[in-house]
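Peer 1: I'm passing along structure_37.txt; it holds compact mmCIF, C-alpha atoms.
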```txt
# COMPACT_ATOMS: atom_id res chain seq x y z
CA MET A 1 8.44 -38.30 23.48
CA LEU A 2 7.98 -35.11 25.43
CA LEU A 3 4.53 -34.80 23.90
CA ILE A 4 3.61 -38.29 25.05
CA ASP A 5 4.82 -37.44 28.57
CA ALA A 6 2.75 -34.27 28.50
CA TRP A 7 -0.30 -36.24 27.38
CA GLN A 8 0.28 -38.78 30.15
CA PHE A 9 0.45 -35.96 32.67
CA ILE A 10 -3.00 -34.79 31.55
CA VAL A 11 -4.38 -38.34 31.70
CA ALA A 12 -2.91 -38.76 35.19
CA HIS A 13 -4.28 -35.45 36.48
CA PRO A 14 -7.47 -34.81 34.51
CA GLY A 15 -9.07 -32.83 37.34
CA ARG A 16 -6.15 -30.44 37.68
CA PHE A 17 -5.95 -29.89 33.94
CA LEU A 18 -9.66 -29.28 33.45
CA ASN A 19 -9.73 -27.03 36.49
CA ALA A 20 -6.88 -24.88 35.14
CA LEU A 21 -8.45 -24.78 31.69
CA GLY A 22 -11.81 -23.82 33.21
CA THR A 23 -10.25 -21.03 35.29
CA HIS A 24 -8.39 -19.78 32.24
CA VAL A 25 -11.53 -19.62 30.12
CA ALA A 26 -13.64 -18.14 32.95
CA LEU A 27 -11.04 -15.48 33.72
CA SER A 28 -10.67 -14.54 30.05
CA ALA A 29 -14.40 -14.52 29.34
CA ALA A 30 -15.18 -12.45 32.43
CA ALA A 31 -12.44 -9.92 31.66
CA LEU A 32 -13.55 -9.57 28.05
CA THR A 33 -17.21 -9.20 29.02
CA LEU A 34 -16.41 -6.53 31.60
CA ALA A 35 -14.11 -4.70 29.18
CA VAL A 36 -16.80 -4.64 26.48
CA ALA A 37 -19.43 -3.54 29.01
CA ILE A 38 -17.25 -0.59 30.05
CA ALA A 39 -15.27 0.39 26.95
CA LEU A 40 -18.08 0.15 24.40
CA PRO A 41 -20.45 2.64 26.12
CA VAL A 42 -17.53 4.94 26.93
CA GLY A 43 -16.40 4.80 23.30
CA ILE A 44 -19.91 5.66 22.12
CA TRP A 45 -20.23 8.47 24.65
CA ILE A 46 -16.88 10.13 23.85
CA SER A 47 -17.59 10.05 20.11
CA GLY A 48 -19.97 12.94 20.73
CA THR A 49 -17.74 15.07 22.96
CA ARG A 50 -14.42 16.52 21.95
CA ARG A 51 -12.82 17.21 25.36
CA ALA A 52 -13.66 13.87 26.95
CA ALA A 53 -12.58 12.14 23.75
CA MET A 54 -9.09 13.66 23.87
CA ALA A 55 -8.56 12.56 27.47
CA ALA A 56 -9.94 9.07 26.91
CA ILE A 57 -7.99 8.50 23.69
CA THR A 58 -4.74 9.65 25.27
CA THR A 59 -5.29 7.37 28.25
CA ALA A 60 -6.20 4.43 26.03
CA ASN A 61 -3.15 5.00 23.84
CA ILE A 62 -0.88 4.92 26.86
CA GLY A 63 -2.75 1.92 28.26
CA ARG A 64 -2.21 0.06 25.03
CA THR A 65 1.57 0.39 25.25
CA LEU A 66 1.91 -0.84 28.84
CA PRO A 67 3.48 -4.30 29.20
CA SER A 68 0.85 -6.85 30.33
CA LEU A 69 3.03 -8.31 33.05
CA ALA A 70 3.78 -4.84 34.41
CA VAL A 71 0.06 -4.11 34.75
CA LEU A 72 -0.57 -7.45 36.49
CA ALA A 73 2.39 -6.83 38.79
CA LEU A 74 1.24 -3.30 39.65
CA VAL A 75 -2.18 -4.58 40.69
CA MET A 76 -0.73 -7.09 43.12
CA PRO A 77 0.68 -4.81 45.86
CA VAL A 78 -2.66 -2.94 45.87
CA LEU A 79 -5.30 -5.65 45.49
CA GLY A 80 -3.30 -8.72 46.49
CA THR A 81 -3.25 -12.06 44.70
CA GLY A 82 -5.95 -14.32 43.31
CA PHE A 83 -8.73 -14.42 40.76
CA ALA A 84 -10.24 -10.97 41.40
CA PRO A 85 -7.00 -8.94 41.08
CA SER A 86 -6.17 -10.88 37.90
CA LEU A 87 -9.64 -10.15 36.54
CA PHE A 88 -9.18 -6.45 37.30
CA ALA A 89 -5.79 -6.27 35.55
CA LEU A 90 -6.96 -8.22 32.50
CA THR A 91 -10.06 -6.03 32.17
CA LEU A 92 -7.82 -2.95 32.17
CA LEU A 93 -5.64 -4.53 29.48
CA ALA A 94 -8.62 -5.40 27.27
CA MET A 95 -10.23 -1.97 27.33
CA PRO A 96 -7.92 0.17 25.14
CA PRO A 97 -8.39 -1.68 21.82
CA ILE A 98 -12.18 -1.78 22.25
CA LEU A 99 -12.39 1.88 23.24
CA LEU A 100 -10.10 3.10 20.45
CA ASN A 101 -11.82 1.04 17.77
CA THR A 102 -15.31 2.09 18.89
CA TYR A 103 -14.37 5.75 18.84
CA THR A 104 -12.55 5.59 15.50
CA ALA A 105 -15.29 3.54 13.86
CA ILE A 106 -18.03 5.98 14.84
CA GLN A 107 -15.90 8.94 13.76
CA GLN A 108 -15.44 7.33 10.37
CA VAL A 109 -19.16 7.02 9.59
CA GLU A 110 -19.82 9.32 6.64
CA PRO A 111 -21.35 12.64 7.71
CA ASP A 112 -23.67 12.48 4.67
CA VAL A 113 -25.25 9.29 5.97
CA VAL A 114 -25.80 10.83 9.40
CA ASP A 115 -27.28 13.95 7.76
CA ALA A 116 -29.64 11.82 5.70
CA ALA A 117 -30.81 10.03 8.85
CA ARG A 118 -31.36 13.34 10.60
CA GLY A 119 -33.28 14.59 7.57
CA MET A 120 -35.54 11.56 7.89
CA GLY A 121 -36.43 12.81 11.36
CA MET A 122 -34.39 10.34 13.43
CA THR A 123 -33.45 11.37 16.95
CA ARG A 124 -29.81 11.37 18.14
CA ALA A 125 -30.32 8.00 19.88
CA GLU A 126 -31.96 6.49 16.80
CA ILE A 127 -29.10 7.65 14.59
CA MET A 128 -26.61 5.99 16.93
CA ARG A 129 -28.57 2.76 17.18
CA LYS A 130 -29.81 2.39 13.61
CA VAL A 131 -27.11 4.11 11.54
CA GLU A 132 -23.80 4.75 13.26
CA LEU A 133 -23.42 1.57 15.31
CA PRO A 134 -24.32 -0.83 12.46
CA LEU A 135 -21.88 0.95 10.15
CA ALA A 136 -19.19 0.97 12.83
CA ALA A 137 -19.76 -2.68 13.81
CA PRO A 138 -16.97 -4.29 11.72
CA VAL A 139 -14.25 -2.06 13.18
CA ILE A 140 -15.66 -2.33 16.71
CA PHE A 141 -15.70 -6.09 16.39
CA ALA A 142 -12.10 -6.08 15.18
CA GLY A 143 -11.20 -4.26 18.41
CA ILE A 144 -13.02 -6.87 20.49
CA ARG A 145 -11.14 -9.61 18.63
CA THR A 146 -7.78 -7.98 19.40
CA ALA A 147 -8.81 -7.61 23.05
CA ALA A 148 -9.95 -11.24 23.24
CA VAL A 149 -6.62 -12.60 22.06
CA GLN A 150 -4.78 -10.23 24.38
CA VAL A 151 -6.85 -11.40 27.35
CA VAL A 152 -6.33 -15.10 26.64
CA SER A 153 -2.57 -14.45 26.32
CA GLY A 154 -2.50 -12.21 29.38
CA ALA A 155 -4.38 -14.79 31.43
CA VAL A 156 -1.34 -17.07 31.12
CA LEU A 157 0.61 -14.43 33.06
CA ALA A 158 -2.10 -14.28 35.73
CA ALA A 159 -0.45 -17.38 37.21
CA TYR A 160 2.22 -15.08 38.68
CA ILE A 161 -0.30 -13.25 40.81
CA GLY A 162 -2.22 -16.35 41.81
CA GLY A 163 -4.95 -16.03 39.21
CA GLY A 164 -4.71 -19.70 38.27
CA GLY A 165 -5.22 -20.90 34.71
CA LEU A 166 -2.93 -22.73 32.32
CA GLY A 167 0.01 -20.51 33.28
CA ASP A 168 0.26 -22.48 36.53
CA PHE A 169 1.61 -25.51 34.65
CA ILE A 170 4.13 -23.34 32.80
CA THR A 171 5.48 -21.60 35.90
CA ALA A 172 5.65 -24.88 37.83
CA GLY A 173 7.23 -26.57 34.80
CA ILE A 174 9.92 -23.90 34.50
CA ALA A 175 10.58 -23.82 38.25
CA MET A 176 11.13 -27.59 38.42
CA MET A 177 12.45 -27.86 34.87
CA ALA A 178 9.73 -30.44 34.31
CA LEU A 179 9.37 -30.16 30.54
CA PRO A 180 6.24 -32.30 30.10
CA GLN A 181 4.36 -30.23 32.66
CA LEU A 182 5.50 -27.07 30.95
CA LEU A 183 3.99 -28.30 27.70
CA VAL A 184 0.73 -29.17 29.46
CA GLY A 185 0.37 -25.44 30.03
CA ALA A 186 1.99 -24.03 26.91
CA ILE A 187 0.35 -26.12 24.18
CA PRO A 188 -3.29 -25.74 25.34
CA ALA A 189 -2.71 -22.02 26.02
CA THR A 190 -1.39 -21.59 22.47
CA LEU A 191 -4.30 -23.52 20.97
CA LEU A 192 -6.77 -21.56 23.07
CA SER A 193 -5.31 -18.27 21.88
CA ILE A 194 -5.23 -19.26 18.21
CA GLY A 195 -8.72 -20.75 18.58
CA THR A 196 -10.03 -17.53 20.08
CA ASP A 197 -8.60 -15.53 17.19
CA GLN A 198 -10.16 -17.92 14.66
CA LEU A 199 -13.51 -17.96 16.49
CA PHE A 200 -13.75 -14.17 16.58
CA GLY A 201 -12.62 -13.98 12.96
CA TRP A 202 -15.40 -16.37 12.02
CA LEU A 203 -17.97 -14.47 14.10
CA GLN A 204 -16.82 -11.28 12.42
CA ARG A 205 -17.47 -12.76 8.99
CA THR A 206 -20.84 -14.33 9.79
CA MET A 207 -22.35 -11.62 11.99
CA ILE A 208 -21.67 -8.68 9.78
CA PRO A 209 -23.98 -8.33 6.75
CA ARG A 210 -22.17 -8.91 3.47
CA GLY A 211 -22.86 -5.42 2.17
CA LEU A 212 -21.06 -3.81 5.10
CA ALA A 213 -17.81 -5.71 5.28
CA MET B 1 11.16 5.29 46.66
CA LYS B 2 13.75 4.67 49.36
CA TRP B 3 14.42 1.25 47.89
CA LEU B 4 14.97 2.81 44.48
CA LEU B 5 17.44 5.36 45.84
CA ASN B 6 19.46 2.65 47.57
CA ASN B 7 19.39 0.26 44.65
CA TRP B 8 19.55 2.49 41.62
CA ASP B 9 22.55 0.57 40.24
CA GLN B 10 20.50 -2.62 40.21
CA VAL B 11 17.64 -0.86 38.40
CA PHE B 12 20.08 0.67 35.94
CA GLU B 13 21.61 -2.69 35.17
CA ALA B 14 18.20 -4.26 34.60
CA LEU B 15 17.15 -1.37 32.36
CA GLY B 16 20.40 -1.70 30.37
CA GLN B 17 19.88 -5.44 29.85
CA HIS B 18 16.29 -4.77 28.83
CA ILE B 19 17.30 -2.23 26.21
CA VAL B 20 20.07 -4.47 24.84
CA ILE B 21 17.77 -7.48 24.27
CA VAL B 22 15.06 -5.23 22.83
CA LEU B 23 17.43 -3.57 20.35
CA THR B 24 19.03 -6.88 19.36
CA SER B 25 15.64 -8.43 18.65
CA LEU B 26 14.40 -5.42 16.73
CA ALA B 27 17.55 -5.32 14.60
CA ILE B 28 17.21 -9.00 13.68
CA ALA B 29 13.47 -8.67 13.04
CA PHE B 30 14.03 -5.56 10.95
CA ALA B 31 16.58 -7.29 8.72
CA ILE B 32 14.29 -10.29 8.16
CA SER B 33 11.21 -8.12 7.62
CA LEU B 34 12.95 -5.92 5.10
CA ILE B 35 13.88 -8.90 2.92
CA VAL B 36 10.57 -10.74 3.25
CA GLY B 37 8.58 -7.50 3.06
CA ILE B 38 10.20 -6.35 -0.18
CA TRP B 39 9.59 -9.78 -1.68
CA ALA B 40 5.98 -9.80 -0.40
CA ALA B 41 5.33 -6.35 -1.85
CA ARG B 42 5.92 -7.79 -5.34
CA HIS B 43 4.04 -11.09 -4.96
CA GLU B 44 0.56 -11.36 -3.46
CA GLY B 45 1.06 -15.08 -2.74
CA VAL B 46 4.20 -14.42 -0.70
CA PHE B 47 2.41 -11.64 1.17
CA ARG B 48 -0.53 -13.89 2.11
CA ALA B 49 1.69 -16.78 3.18
CA ALA B 50 4.03 -14.57 5.22
CA ILE B 51 1.14 -12.86 7.02
CA ALA B 52 -0.65 -16.16 7.69
CA VAL B 53 2.43 -17.78 9.24
CA THR B 54 3.68 -14.77 11.21
CA GLY B 55 0.09 -13.97 12.25
CA ILE B 56 -0.12 -17.33 14.02
CA LEU B 57 3.21 -16.67 15.76
CA TYR B 58 1.85 -13.31 16.88
CA THR B 59 -1.20 -14.96 18.45
CA VAL B 60 0.77 -17.37 20.66
CA PRO B 61 0.74 -16.21 24.32
CA THR B 62 4.13 -14.77 25.30
CA LEU B 63 4.79 -17.05 28.24
CA ALA B 64 3.64 -20.11 26.25
CA PHE B 65 6.02 -19.18 23.43
CA LEU B 66 8.96 -18.81 25.79
CA ALA B 67 8.02 -22.12 27.42
CA LEU B 68 7.71 -23.95 24.09
CA LEU B 69 11.24 -22.84 23.18
CA ILE B 70 12.76 -24.25 26.39
CA PRO B 71 12.93 -27.90 25.20
CA ILE B 72 14.61 -26.64 22.00
CA VAL B 73 17.02 -23.87 23.04
CA GLY B 74 16.88 -24.01 26.84
CA LEU B 75 16.78 -21.00 29.14
CA GLY B 76 18.49 -17.69 28.54
CA ARG B 77 18.79 -14.80 26.17
CA ALA B 78 18.65 -16.78 22.92
CA ASN B 79 15.23 -18.06 23.91
CA ALA B 80 13.96 -14.56 24.65
CA ILE B 81 15.38 -13.08 21.46
CA ILE B 82 13.86 -15.78 19.22
CA CYS B 83 10.51 -15.18 20.87
CA MET B 84 10.75 -11.41 20.53
CA VAL B 85 11.78 -11.60 16.87
CA ALA B 86 8.85 -13.94 16.16
CA PHE B 87 6.43 -11.49 17.74
CA SER B 88 7.64 -8.51 15.67
CA LEU B 89 7.69 -10.21 12.26
CA MET B 90 3.98 -9.96 11.42
CA ILE B 91 3.70 -6.24 12.07
CA MET B 92 6.96 -5.33 10.40
CA ILE B 93 6.65 -7.52 7.30
CA ARG B 94 3.12 -6.22 6.79
CA ASN B 95 4.16 -2.59 7.09
CA VAL B 96 7.21 -2.93 4.83
CA ALA B 97 5.09 -4.58 2.13
CA VAL B 98 2.12 -2.22 2.51
CA GLY B 99 4.44 0.80 2.59
CA ILE B 100 6.17 -0.19 -0.65
CA ARG B 101 2.86 -0.97 -2.34
CA GLY B 102 1.60 2.46 -1.35
CA VAL B 103 4.26 4.20 -3.44
CA PRO B 104 2.45 5.72 -6.47
CA ALA B 105 3.14 3.75 -9.64
CA GLU B 106 3.87 6.91 -11.64
CA VAL B 107 6.76 7.82 -9.32
CA VAL B 108 8.28 4.38 -9.82
CA ASP B 109 7.73 4.69 -13.60
CA ALA B 110 9.38 8.10 -13.62
CA GLY B 111 12.40 6.62 -11.87
CA ARG B 112 12.60 3.81 -14.40
CA GLY B 113 12.23 6.31 -17.23
CA MET B 114 15.26 8.16 -15.87
CA GLY B 115 17.25 4.97 -16.36
CA MET B 116 17.31 3.77 -12.73
CA THR B 117 17.98 0.09 -12.14
CA GLY B 118 15.56 -1.99 -10.08
CA PHE B 119 17.87 -1.67 -7.08
CA ASP B 120 18.04 2.13 -7.47
CA VAL B 121 14.25 2.34 -7.66
CA LEU B 122 14.00 0.30 -4.47
CA THR B 123 16.62 2.12 -2.42
CA ARG B 124 16.15 5.66 -3.71
CA ILE B 125 12.40 5.81 -4.35
CA GLU B 126 10.37 3.01 -2.81
CA LEU B 127 12.05 2.60 0.59
CA PRO B 128 12.37 6.34 1.33
CA LEU B 129 8.69 6.90 0.44
CA ALA B 130 7.62 3.84 2.44
CA ALA B 131 9.66 4.98 5.45
CA PRO B 132 6.78 6.48 7.47
CA VAL B 133 4.75 3.26 7.21
CA ILE B 134 7.81 1.14 8.00
CA VAL B 135 8.54 3.26 11.08
CA ALA B 136 4.89 2.92 12.14
CA GLY B 137 5.43 -0.85 12.11
CA LEU B 138 8.68 -0.50 14.01
CA ARG B 139 6.82 1.52 16.61
CA ILE B 140 4.21 -1.17 17.31
CA ALA B 141 6.89 -3.85 17.20
CA SER B 142 9.10 -2.04 19.71
CA VAL B 143 6.24 -1.67 22.19
CA THR B 144 5.38 -5.36 21.78
CA VAL B 145 9.01 -6.42 22.21
CA ILE B 146 9.50 -4.31 25.33
CA SER B 147 6.45 -6.03 26.79
CA VAL B 148 7.67 -9.52 25.85
CA ALA B 149 11.09 -8.75 27.34
CA VAL B 150 9.48 -8.19 30.74
CA VAL B 151 8.16 -11.74 30.74
CA ALA B 152 11.44 -13.06 29.34
CA ALA B 153 13.11 -12.47 32.71
CA TYR B 154 11.36 -15.67 33.74
CA VAL B 155 13.53 -17.67 31.34
CA ASN B 156 16.68 -15.99 32.72
CA ALA B 157 17.06 -13.38 30.01
CA GLY B 158 17.57 -10.56 32.52
CA GLY B 159 15.97 -7.14 32.20
CA LEU B 160 13.33 -5.28 34.16
CA GLY B 161 11.18 -8.36 34.63
CA THR B 162 13.86 -9.67 36.98
CA LEU B 163 12.94 -6.96 39.48
CA ILE B 164 9.24 -7.82 39.15
CA PHE B 165 9.76 -11.56 39.62
CA ASN B 166 12.14 -11.08 42.56
CA GLY B 167 9.66 -8.68 44.08
CA ILE B 168 6.79 -11.13 43.66
CA SER B 169 8.69 -14.09 45.11
CA ASN B 170 10.03 -12.08 48.09
CA ASP B 171 6.76 -10.18 48.49
CA HIS B 172 8.71 -6.95 48.24
CA ALA B 173 6.37 -4.29 46.82
CA PRO B 174 8.93 -1.51 46.11
CA LYS B 175 10.83 -3.85 43.80
CA ILE B 176 7.64 -4.74 41.93
CA TRP B 177 6.67 -1.08 41.58
CA THR B 178 10.12 -0.06 40.36
CA GLY B 179 10.37 -2.85 37.79
CA ALA B 180 6.82 -2.45 36.50
CA LEU B 181 6.82 1.33 36.35
CA THR B 182 10.23 1.50 34.66
CA ALA B 183 9.00 -1.02 32.07
CA CYS B 184 5.86 1.07 31.50
CA ALA B 185 7.93 4.24 31.16
CA LEU B 186 10.26 2.56 28.67
CA ALA B 187 7.31 1.39 26.54
CA VAL B 188 5.66 4.81 26.56
CA ALA B 189 8.97 6.56 25.76
CA ALA B 190 9.65 4.21 22.83
CA ASP B 191 6.11 4.71 21.52
CA LEU B 192 6.25 8.50 21.74
CA SER B 193 9.70 8.91 20.22
CA LEU B 194 8.94 6.62 17.28
CA ALA B 195 5.61 8.43 16.80
CA ARG B 196 7.61 11.65 16.53
CA LEU B 197 9.97 10.10 14.00
CA GLU B 198 7.02 8.79 11.99
CA HIS B 199 5.38 12.21 12.00
CA TRP B 200 8.60 13.89 10.89
CA LEU B 201 9.09 11.39 8.05
CA ARG B 202 5.49 11.88 6.91
CA ARG B 203 5.89 15.62 6.79
CA ARG B 204 9.16 15.32 4.89
CA ALA B 205 7.60 12.94 2.38
CA ALA B 206 4.62 15.20 1.76
```
Can you dump the structure from the file as structure tokens?

Peer 2:
Amino acid sequence: MLLIDAWQFIVAHPGRFLNALGTHVALSAAALTLAVAIALPVGIWISGTRRAAMAAITTANIGRTLPSLAVLALVMPVLGTGFAPSLFALTLLAMPPILLNTYTAIQQVEPDVVDAARGMGMTRAEIMRKVELPLAAPVIFAGIRTAAVQVVSGAVLAAYIGGGGLGDFITAGIAMMALPQLLVGAIPATLLSIGTDQLFGWLQRTMIPRGLA
Amino acid sequence: MKWLLNNWDQVFEALGQHIVIVLTSLAIAFAISLIVGIWAARHEGVFRAAIAVTGILYTVPTLAFLALLIPIVGLGRANAIICMVAFSLMIMIRNVAVGIRGVPAEVVDAGRGMGMTGFDVLTRIELPLAAPVIVAGLRIASVTVISVAVVAAYVNAGGLGTLIFNGISNDHAPKIWTGALTACALAVAADLSLARLEHWLRRRAA
């Protein structure tokens, strides 16, 4: 019954629903892209330096424990409300798992393999590109998958700081105790999150050569 | 800062509520995980099914989960606690099962050879040796639950999120800062102290 009401709400307001869904996906995709663009190079860079690595790993470990809503809330008094502050907060939240996994994965490449590559006359950059990164890819991708799910979940909370997205229906639904509207936000957000996890799981299996997994 | 000094009792109350719902949820999740985890350690099928189901629960966005429970249990603490338990199950069941499986078979055999019953083997050999891995799971779960509890203020469960939400709706920055930073500090403190415990257990087991 409630589900039918929720469905009727979507049918009655298709523009609002698609708009919220679009914002949600855009916000999540942008945050994940930015996080990969920052955390991946930083992770690669710190794998070669001990001091910077310690600092970055400690920061990332702390960052990973911070409650998502707290981070979103802390951004608001500084940057205000809207899409951009939400994007900033979500990017921050997505970085730790990518950074930590990139670093760990490169550290775990067998020294013998790196030695063999060096013996073949490869330069440092070639070793990274042709040996270390391909071998580290599965673990790095697992980090991106974790970050992706975290971002899609966190984007629901962006509604509190005016970031839009599916969370808008949930907050409005709770405020007015309008249960159908609440489901219009909660069910698609859940499906989107589970779908993202499945999609990245599938990408992980298909992109990585069978011999490496 | 001035706001904090004048309202420390309010902050203290919120922190207290936060800790109470976190500990309640962790205790319930721990009890369930111990039973399911021990069972899953012995049967691969149970392990796969438990991880598949709890893994899906773990993927549901926090606010969506709380919202989906409203038509069923309404607003309040029960809602928050169910949600928090659901979020901890995957990590804790996995770590209990993996921890028990990691106990060397010869140690278990030695125990049996000494005439220990199955229950003795479990409580005096397997669980103590699995303790570091179980605590590692408890550590991740506690950080997750502290984070979920912040959002749970929105469904009237109390806790530090209350300060954040009040601050947002009244556009009162000091309240937001206090709530958010206290929640961050709580998460970091829980993570560090359980990391210590894990480290100590590992050293003792070695």

Peer 1: With distances taken over all atoms listed in the file, which residue among B:Gly159, B:Pro132, B:Gly37, B:Pro174 lies nearest chain A?

Peer 2: B:Pro174

Peer 1: Could you work out which residues of chain B fall inside 6 Å of chain A? Count only C-alpha atoms, and format the result as an NGL selection string.

Peer 2: :B and (59-61 or 64 or 143 or 147 or 173 or 180 or 184 or 187)

Peer 1: Filtering to C-alpha atoms, could you give me those residues as a JSON list (two decimals), keeping the file's coordinate frame?

Peer 2:
```json
[["chain", "number", "residue", "atom", "x", "y", "z"],
["B", 59, "THR", "CA", -1.20, -14.96, 18.45],
["B", 60, "VAL", "CA", 0.77, -17.37, 20.66],
["B", 61, "PRO", "CA", 0.74, -16.21, 24.32],
["B", 64, "ALA", "CA", 3.64, -20.11, 26.25],
["B", 143, "VAL", "CA", 6.24, -1.67, 22.19],
["B", 147, "SER", "CA", 6.45, -6.03, 26.79],
["B", 173, "ALA", "CA", 6.37, -4.29, 46.82],
["B", 180, "ALA", "CA", 6.82, -2.45, 36.50],
["B", 184, "CYS", "CA", 5.86, 1.07, 31.50],
["B", 187, "ALA", "CA", 7.31, 1.39, 26.54]]
```

Peer 1: Measure the distance from atom CA of B:Ile32 to atom CA of B:Leu89 in Å and round it to one decimal.

Peer 2: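 Atom-to-atom, atom CA of B:Ile32 and atom CA of B:Leu89 are spaced 7.8 Å apart.
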
Peer 1: Name the residues in contact with stretch 116-130 of chain B at a cut-off of 7 Å, using all atoms listed in the file, excluding same-chain residues fewer than 6 positions from it; report them as JSON, numbers by chain.

Peer 2: {"B": [99, 100, 103, 108, 205]}

Peer 1: Grab the residues selected above and save them as a PDB file, in the frame of the given file with C-alpha atoms.

Peer 2:
```pdb
ATOM      1  CA  GLY B  99       4.440   0.800   2.590  1.00  0.00           C
ATOM      2  CA  ILE B 100       6.170  -0.190  -0.650  1.00  0.00           C
ATOM      3  CA  VAL B 103       4.260   4.200  -3.440  1.00  0.00           C
ATOM      4  CA  VAL B 108       8.280   4.380  -9.820  1.00  0.00           C
ATOM      5  CA  ALA B 205       7.600  12.940   2.380  1.00  0.00           C
TER       6      ALA B 205
END
```

Peer 1: Which is closest to A:Gln198 among A:Ala148, A:Met128, A:Ala35, A:Val113, if we use all atoms listed in the file?

Peer 2: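 For A:Gln198, the nearest of the given residues is A:Ala148.
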
Peer 1: Which residues, written as a list in words, have at least one atom at most 12 Å from A:Ile4, with all atoms listed in the file counted and residues fewer than 3 positions away on the same chain left out?

Peer 2: Met1, Trp7, Gln8, Phe9, Ile10, Val11, Leu179, Pro180, Gln181, Leu183 and Val184 of chain A

Peer 1: Quick one: write out the picked residues with C-alpha atoms as a PDB file, keeping the file's coordinate frame?

Peer 2:
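To be explicit, this is the file written out as out_30.pdb:
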```pdb
ATOM      1  CA  MET A   1       8.440 -38.300  23.480  1.00  0.00           C
ATOM      2  CA  TRP A   7      -0.300 -36.240  27.380  1.00  0.00           C
ATOM      3  CA  GLN A   8       0.280 -38.780  30.150  1.00  0.00           C
ATOM      4  CA  PHE A   9       0.450 -35.960  32.670  1.00  0.00           C
ATOM      5  CA  ILE A  10      -3.000 -34.790  31.550  1.00  0.00           C
ATOM      6  CA  VAL A  11      -4.380 -38.340  31.700  1.00  0.00           C
ATOM      7  CA  LEU A 179       9.370 -30.160  30.540  1.00  0.00           C
ATOM      8  CA  PRO A 180       6.240 -32.300  30.100  1.00  0.00           C
ATOM      9  CA  GLN A 181       4.360 -30.230  32.660  1.00  0.00           C
ATOM     10  CA  LEU A 183       3.990 -28.300  27.700  1.00  0.00           C
ATOM     11  CA  VAL A 184       0.730 -29.170  29.460  1.00  0.00           C
TER      12      VAL A 184
END
```

Peer 1: What separation in Å, quoted to one decimal, exists between atom CA of A:Thr206 and atom CA of A:Ala137?

Peer 2: 12.4 Å

Peer 1: Which neighbours of A:Val114 fall inside 7 Å, counting all atoms listed in the file, when residues of the same chain fewer than 4 positions from it are skipped, and could you give them as a list in words?

Peer 2: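 The filter keeps Glu110, Arg118 and Ile127 of chain A.
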
Peer 1: Could you work out how far atom CA of B:Leu63 lies from atom CA of B:Leu26, giving the answer in Å with one decimal?

Peer 2: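 Computing it gives 19.0 Å between the two atoms.
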
Peer 1: Using all atoms listed in the file, which protein or nucleic acid residues come within 10 Å of B:Arg94? Drop anything in the same chain fewer than 3 positions from it, and give the result as an mmCIF file with C-alpha atoms, in the coordinates of the input.

Peer 2:
```
data_model
loop_
_atom_site.group_PDB
_atom_site.id
_atom_site.type_symbol
_atom_site.label_atom_id
_atom_site.label_comp_id
_atom_site.auth_asym_id
_atom_site.auth_seq_id
_atom_site.Cartn_x
_atom_site.Cartn_y
_atom_site.Cartn_z
ATOM 1 C CA SER B 33 11.210 -8.120 7.620
ATOM 2 C CA LEU B 34 12.950 -5.920 5.100
ATOM 3 C CA VAL B 36 10.570 -10.740 3.250
ATOM 4 C CA GLY B 37 8.580 -7.500 3.060
ATOM 5 C CA ILE B 38 10.200 -6.350 -0.180
ATOM 6 C CA ALA B 40 5.980 -9.800 -0.400
ATOM 7 C CA ALA B 41 5.330 -6.350 -1.850
ATOM 8 C CA PHE B 47 2.410 -11.640 1.170
ATOM 9 C CA ARG B 48 -0.530 -13.890 2.110
ATOM 10 C CA ALA B 50 4.030 -14.570 5.220
ATOM 11 C CA ILE B 51 1.140 -12.860 7.020
ATOM 12 C CA THR B 54 3.680 -14.770 11.210
ATOM 13 C CA GLY B 55 0.090 -13.970 12.250
ATOM 14 C CA LEU B 89 7.690 -10.210 12.260
ATOM 15 C CA MET B 90 3.980 -9.960 11.420
ATOM 16 C CA ILE B 91 3.700 -6.240 12.070
ATOM 17 C CA ALA B 97 5.090 -4.580 2.130
ATOM 18 C CA VAL B 98 2.120 -2.220 2.510
ATOM 19 C CA GLY B 99 4.440 0.800 2.590
ATOM 20 C CA VAL B 133 4.750 3.260 7.210
ATOM 21 C CA ILE B 134 7.810 1.140 8.000
ATOM 22 C CA GLY B 137 5.430 -0.850 12.110
#
```
